[in-house]
Number of protein chains: 2
Amino acid sequence: MDVTAEHPERSTRSPRTGRRPGSAGADTREAILAAAQRLFAERGFEGASMRAIAAEAGVDAALITHFFGSKANLLAAAIDWPFDPDRELPRILKAGRDQVGEGLVALFVRTWDREGSRHPVITLLRAAITEPSAADLLADFLRTRLFGPLLAELDSDQPDIRANLLAAQLGGLGLARYILHLEPLASAPPRNVVRWVAPNIQRYLTAPL
Amino acid sequence: MDVTAEHPERSTRSPRTGRRPGSAGADTREAILAAAQRLFAERGFEGASMRAIAAEAGVDAALITHFFGSKANLLAAAIDWPFDPDRELPRILKAGRDQVGEGLVALFVRTWDREGSRHPVITLLRAAITEPSAADLLADFLRTRLFGPLLAELDSDQPDIRANLLAAQLGGLGLARYILHLEPLASAPPRNVVRWVAPNIQRYLTAPL
């Protein structure tokens, strides 16, 4: 999974003229990624057609298949994960074993609140509802990059089922607050959401199951 | 919300001929509901067009608008809620205050497992992701028919936010087990799922927030 995809601004800033032979492929790839990021955020995974992404990028649709193979692969490459687990996990763990639940919920709520419904993980969650390959992508990121390393550091038993339960509770929070907009949860201050949900996340992380 | 919608079989059993004047409207309404139940379950809320439902019911599409107004209203009427809260809630409460979480999770898992991804609440959950009116429907049923009465019986404080948190955890469980099919959660025996999730539901029901 490409979690270091270029940020949209970068490719629009890159000069489209005067490029040397050999850099055309990289420029085209970046233009497609930038267009995909914009359209997936605006229209969702199903609503953003390959044809529309190609038009937005100013390239032939066949080039998308050439570079990325499938729409799900394009989504994987286009996702600009809003935080880098390699940087965030040590920070969360440093607060101490019993504070990890709080740190994890705070990380999700903080990054989700910043970007709202256009958040790439929300886009991916919407896509995952209807598209099994997007569901696999999301599950894969959460397990291998986030919950897996965290549970290994905590030395918790049954890490596979714990990772599923963490995904269920955090996914449900994303669903309720950012997609279904259930009130009063949707408008509650982040610190309240952390206080309400963190003990349940802590239980899935470290308590006996 | 109509939670007593006729079961599909009933309308297909009802005689289409020899009806008295005045019963035509009721027959047509039932035929539309039965067709809507089948197509929403098979194709989802977005995939089942009004035109296809009308064709399945053998009626003119204008009649659907006449009887139900909108597709979301049709969904509301067509949903055959898999359990009757008025019967289930007293049963759950009878087990004692500290067992309510277990009873609630068991109720969801039992009814979900019976019908799998064709379950009407899963259909509604999928629809709610993309359709705000379906999200309102789902939230409305959960709050007014299920969590609201339960929290009132338990005399819990902050019932509105508790209802949201219950929806987040149970919705997340539905998402993870029945839509994203996260393993090993998706294949785990129901009693294990109840053991893992019930303490978190119990906390949202009765513990101090």
# chains A, B, ... in the order shown; residues from 1 in each chain; ligands from 1
$ closest_atom_pairs --of "chain A" --to "chain B" --cutoff "6 Å" --atoms "only C-alpha atoms" --output "CSV"
residue,atom,partner,partner_atom,distance
A:Ala135,CA,B:Leu180,CA,5.6
A:Ile161,CA,B:Pro184,CA,5.9
A:Ala168,CA,B:Gly172,CA,4.3
A:Gln169,CA,B:Gln169,CA,5.3
A:Gly171,CA,B:Gly172,CA,5.5
A:Gly172,CA,B:Gly172,CA,3.6
A:Leu173,CA,B:Ala168,CA,5.1
A:Ala176,CA,B:Ala168,CA,5.3
A:Leu180,CA,B:Ala135,CA,5.6
A:Pro184,CA,B:Ile161,CA,5.9
A:Trp196,CA,B:Leu209,CA,5.9
A:Asn200,CA,B:Asn200,CA,5.6
A:Leu209,CA,B:Trp196,CA,5.9
$ write_last_selection --atoms "C-alpha atoms" --output "CSV table (one decimal), in the first residue's frame"
chain,number,residue,atom,x,y,z
A,135,ALA,CA,-12.8,-3.0,1.9
A,161,ILE,CA,-9.6,-10.5,16.5
A,168,ALA,CA,-15.5,-2.2,14.3
A,169,GLN,CA,-15.5,0.4,17.1
A,171,GLY,CA,-15.3,2.4,11.9
A,172,GLY,CA,-18.6,2.7,13.8
A,173,LEU,CA,-17.5,6.0,15.3
A,176,ALA,CA,-22.0,7.6,13.3
A,180,LEU,CA,-24.8,9.4,9.4
A,184,PRO,CA,-25.6,15.0,19.6
A,196,TRP,CA,-16.8,8.4,25.8
A,200,ASN,CA,-13.9,0.8,25.0
A,209,LEU,CA,-11.3,-10.9,25.9
$ residues_around --residues "region 99-104 of chain B" --least-positions-apart "4" --cutoff "6 Å" --atoms "only C-alpha atoms" --output "PDB file with all heavy atoms, in the first residue's frame"
ATOM      1  N   ILE B  92     -35.176  -8.726  27.186  1.00  0.00           N
ATOM      2  CA  ILE B  92     -33.790  -8.338  27.467  1.00  0.00           C
ATOM      3  C   ILE B  92     -33.666  -7.755  28.875  1.00  0.00           C
ATOM      4  O   ILE B  92     -32.719  -8.038  29.606  1.00  0.00           O
ATOM      5  CB  ILE B  92     -33.299  -7.323  26.410  1.00  0.00           C
ATOM      6  CG1 ILE B  92     -33.123  -8.022  25.057  1.00  0.00           C
ATOM      7  CG2 ILE B  92     -32.014  -6.651  26.851  1.00  0.00           C
ATOM      8  CD1 ILE B  92     -32.705  -7.083  23.940  1.00  0.00           C
ATOM      9  N   ALA B  95     -33.564 -10.058  32.247  1.00  0.00           N
ATOM     10  CA  ALA B  95     -32.356 -10.764  32.669  1.00  0.00           C
ATOM     11  C   ALA B  95     -31.578  -9.993  33.729  1.00  0.00           C
ATOM     12  O   ALA B  95     -30.636 -10.527  34.325  1.00  0.00           O
ATOM     13  CB  ALA B  95     -31.465 -11.027  31.459  1.00  0.00           C
ATOM     14  N   ALA B 198     -20.215  -7.366  24.202  1.00  0.00           N
ATOM     15  CA  ALA B 198     -21.230  -7.019  25.204  1.00  0.00           C
ATOM     16  C   ALA B 198     -20.727  -6.065  26.302  1.00  0.00           C
ATOM     17  O   ALA B 198     -21.451  -5.130  26.669  1.00  0.00           O
ATOM     18  CB  ALA B 198     -21.825  -8.286  25.817  1.00  0.00           C
ATOM     19  N   ILE B 201     -20.973  -2.554  25.061  1.00  0.00           N
ATOM     20  CA  ILE B 201     -22.360  -2.115  24.952  1.00  0.00           C
ATOM     21  C   ILE B 201     -22.934  -1.831  26.346  1.00  0.00           C
ATOM     22  O   ILE B 201     -23.638  -0.838  26.558  1.00  0.00           O
ATOM     23  CB  ILE B 201     -23.189  -3.195  24.206  1.00  0.00           C
ATOM     24  CG1 ILE B 201     -22.762  -3.256  22.731  1.00  0.00           C
ATOM     25  CG2 ILE B 201     -24.686  -2.919  24.328  1.00  0.00           C
ATOM     26  CD1 ILE B 201     -23.048  -1.992  21.948  1.00  0.00           C
ATOM     27  N   GLN B 202     -22.597  -2.696  27.293  1.00  0.00           N
ATOM     28  CA  GLN B 202     -23.057  -2.493  28.669  1.00  0.00           C
ATOM     29  C   GLN B 202     -22.564  -1.152  29.211  1.00  0.00           C
ATOM     30  O   GLN B 202     -23.307  -0.429  29.874  1.00  0.00           O
ATOM     31  CB  GLN B 202     -22.555  -3.644  29.559  1.00  0.00           C
ATOM     32  CG  GLN B 202     -23.063  -3.595  30.994  1.00  0.00           C
ATOM     33  CD  GLN B 202     -24.554  -3.873  31.092  1.00  0.00           C
ATOM     34  OE1 GLN B 202     -25.078  -4.741  30.412  1.00  0.00           O
ATOM     35  NE2 GLN B 202     -25.248  -3.096  31.920  1.00  0.00           N
TER      36      GLN B 202
END
$ atom_distance --atom1 "CA of Ala55 (chain B)" --atom2 "CA of Ala31 (chain B)"
10.6 Å
$ select_by_dssp --residues "chain B" --states "alpha helix (DSSP H)" --output "ChimeraX atom specification"
/B:8-13,24-47,50-57,61-68,71-78,85-94,100-115,120-130,132-141,148-154,159-174,190-206
$ atom_distance --atom1 "CA of Pro189 (chain A)" --atom2 "CA of Ala106 (chain A)"
11.3 Å
$ closest_residue --among "A:Leu93, A:Ile64, A:Val59, A:Val109" --to "Ile122 (chain A)" --atoms "only C-alpha atoms"
A:Val109
$ closest_residue --among "A:Leu107, A:Ala207, A:Ala62, A:Leu74" --to "Pro190 (chain A)" --atoms "only C-alpha atoms"
A:Leu107
$ closest_residue --among "A:Leu146, A:Ala54, A:Val194, A:Ala152" --to "Asp84 (chain A)" --atoms "only C-alpha atoms"
A:Leu146
$ residues_around --residues "Leu150 (chain B)" --least-positions-apart "5" --cutoff "9 Å" --atoms "only C-alpha atoms" --output "MDAnalysis selection string"
chainID B and resid 89:90 93 100 145 155 205
$ write_last_selection --atoms "all heavy atoms" --output "PDB file, in the first residue's frame"
ATOM      1  N   LEU B  89     -37.670  -6.103  23.991  1.00  0.00           N
ATOM      2  CA  LEU B  89     -37.090  -5.290  25.065  1.00  0.00           C
ATOM      3  C   LEU B  89     -37.439  -5.811  26.462  1.00  0.00           C
ATOM      4  O   LEU B  89     -36.535  -5.911  27.310  1.00  0.00           O
ATOM      5  CB  LEU B  89     -37.488  -3.815  24.903  1.00  0.00           C
ATOM      6  CG  LEU B  89     -36.876  -3.118  23.674  1.00  0.00           C
ATOM      7  CD1 LEU B  89     -37.101  -1.612  23.745  1.00  0.00           C
ATOM      8  CD2 LEU B  89     -35.379  -3.408  23.568  1.00  0.00           C
ATOM      9  N   PRO B  90     -38.685  -6.153  26.734  1.00  0.00           N
ATOM     10  CA  PRO B  90     -38.982  -6.698  28.075  1.00  0.00           C
ATOM     11  C   PRO B  90     -38.180  -7.965  28.370  1.00  0.00           C
ATOM     12  O   PRO B  90     -37.717  -8.170  29.493  1.00  0.00           O
ATOM     13  CB  PRO B  90     -40.485  -7.011  27.997  1.00  0.00           C
ATOM     14  CG  PRO B  90     -41.014  -6.143  26.906  1.00  0.00           C
ATOM     15  CD  PRO B  90     -39.898  -6.011  25.915  1.00  0.00           C
ATOM     16  N   LEU B  93     -34.649  -6.930  29.256  1.00  0.00           N
ATOM     17  CA  LEU B  93     -34.585  -6.265  30.560  1.00  0.00           C
ATOM     18  C   LEU B  93     -34.784  -7.240  31.716  1.00  0.00           C
ATOM     19  O   LEU B  93     -34.253  -7.033  32.811  1.00  0.00           O
ATOM     20  CB  LEU B  93     -35.639  -5.155  30.627  1.00  0.00           C
ATOM     21  CG  LEU B  93     -35.283  -3.897  29.812  1.00  0.00           C
ATOM     22  CD1 LEU B  93     -36.532  -3.080  29.515  1.00  0.00           C
ATOM     23  CD2 LEU B  93     -34.250  -3.050  30.567  1.00  0.00           C
ATOM     24  N   VAL B 100     -28.027  -6.537  30.311  1.00  0.00           N
ATOM     25  CA  VAL B 100     -28.722  -5.932  29.172  1.00  0.00           C
ATOM     26  C   VAL B 100     -27.807  -5.828  27.948  1.00  0.00           C
ATOM     27  O   VAL B 100     -28.231  -6.083  26.821  1.00  0.00           O
ATOM     28  CB  VAL B 100     -29.301  -4.552  29.568  1.00  0.00           C
ATOM     29  CG1 VAL B 100     -29.837  -3.822  28.358  1.00  0.00           C
ATOM     30  CG2 VAL B 100     -30.424  -4.741  30.595  1.00  0.00           C
ATOM     31  N   ARG B 145     -37.455   3.421  18.828  1.00  0.00           N
ATOM     32  CA  ARG B 145     -38.060   2.113  19.057  1.00  0.00           C
ATOM     33  C   ARG B 145     -37.180   1.197  19.890  1.00  0.00           C
ATOM     34  O   ARG B 145     -37.668   0.240  20.462  1.00  0.00           O
ATOM     35  CB  ARG B 145     -38.361   1.441  17.710  1.00  0.00           C
ATOM     36  CG  ARG B 145     -39.302   2.230  16.843  1.00  0.00           C
ATOM     37  CD  ARG B 145     -40.759   1.830  17.081  1.00  0.00           C
ATOM     38  NE  ARG B 145     -40.992   0.453  16.713  1.00  0.00           N
ATOM     39  CZ  ARG B 145     -41.869  -0.342  17.321  1.00  0.00           C
ATOM     40  NH1 ARG B 145     -42.583   0.113  18.320  1.00  0.00           N
ATOM     41  NH2 ARG B 145     -42.026  -1.576  16.918  1.00  0.00           N
ATOM     42  N   ASP B 155     -33.091   3.980  33.212  1.00  0.00           N
ATOM     43  CA  ASP B 155     -32.973   5.260  33.891  1.00  0.00           C
ATOM     44  C   ASP B 155     -31.547   5.829  33.770  1.00  0.00           C
ATOM     45  O   ASP B 155     -31.002   6.378  34.735  1.00  0.00           O
ATOM     46  CB  ASP B 155     -33.364   5.093  35.374  1.00  0.00           C
ATOM     47  CG  ASP B 155     -33.716   6.424  36.009  1.00  0.00           C
ATOM     48  OD1 ASP B 155     -34.083   7.355  35.258  1.00  0.00           O
ATOM     49  OD2 ASP B 155     -33.601   6.547  37.248  1.00  0.00           O
ATOM     50  N   LEU B 205     -24.566   1.595  27.926  1.00  0.00           N
ATOM     51  CA  LEU B 205     -25.927   1.571  28.467  1.00  0.00           C
ATOM     52  C   LEU B 205     -26.007   2.129  29.877  1.00  0.00           C
ATOM     53  O   LEU B 205     -26.889   2.940  30.186  1.00  0.00           O
ATOM     54  CB  LEU B 205     -26.469   0.141  28.491  1.00  0.00           C
ATOM     55  CG  LEU B 205     -26.915  -0.466  27.159  1.00  0.00           C
ATOM     56  CD1 LEU B 205     -27.087  -1.978  27.303  1.00  0.00           C
ATOM     57  CD2 LEU B 205     -28.218   0.171  26.669  1.00  0.00           C
TER      58      LEU B 205
END
$ atom_distance --atom1 "CA of Glu46 (chain A)" --atom2 "CA of Trp81 (chain B)"
28.5 Å
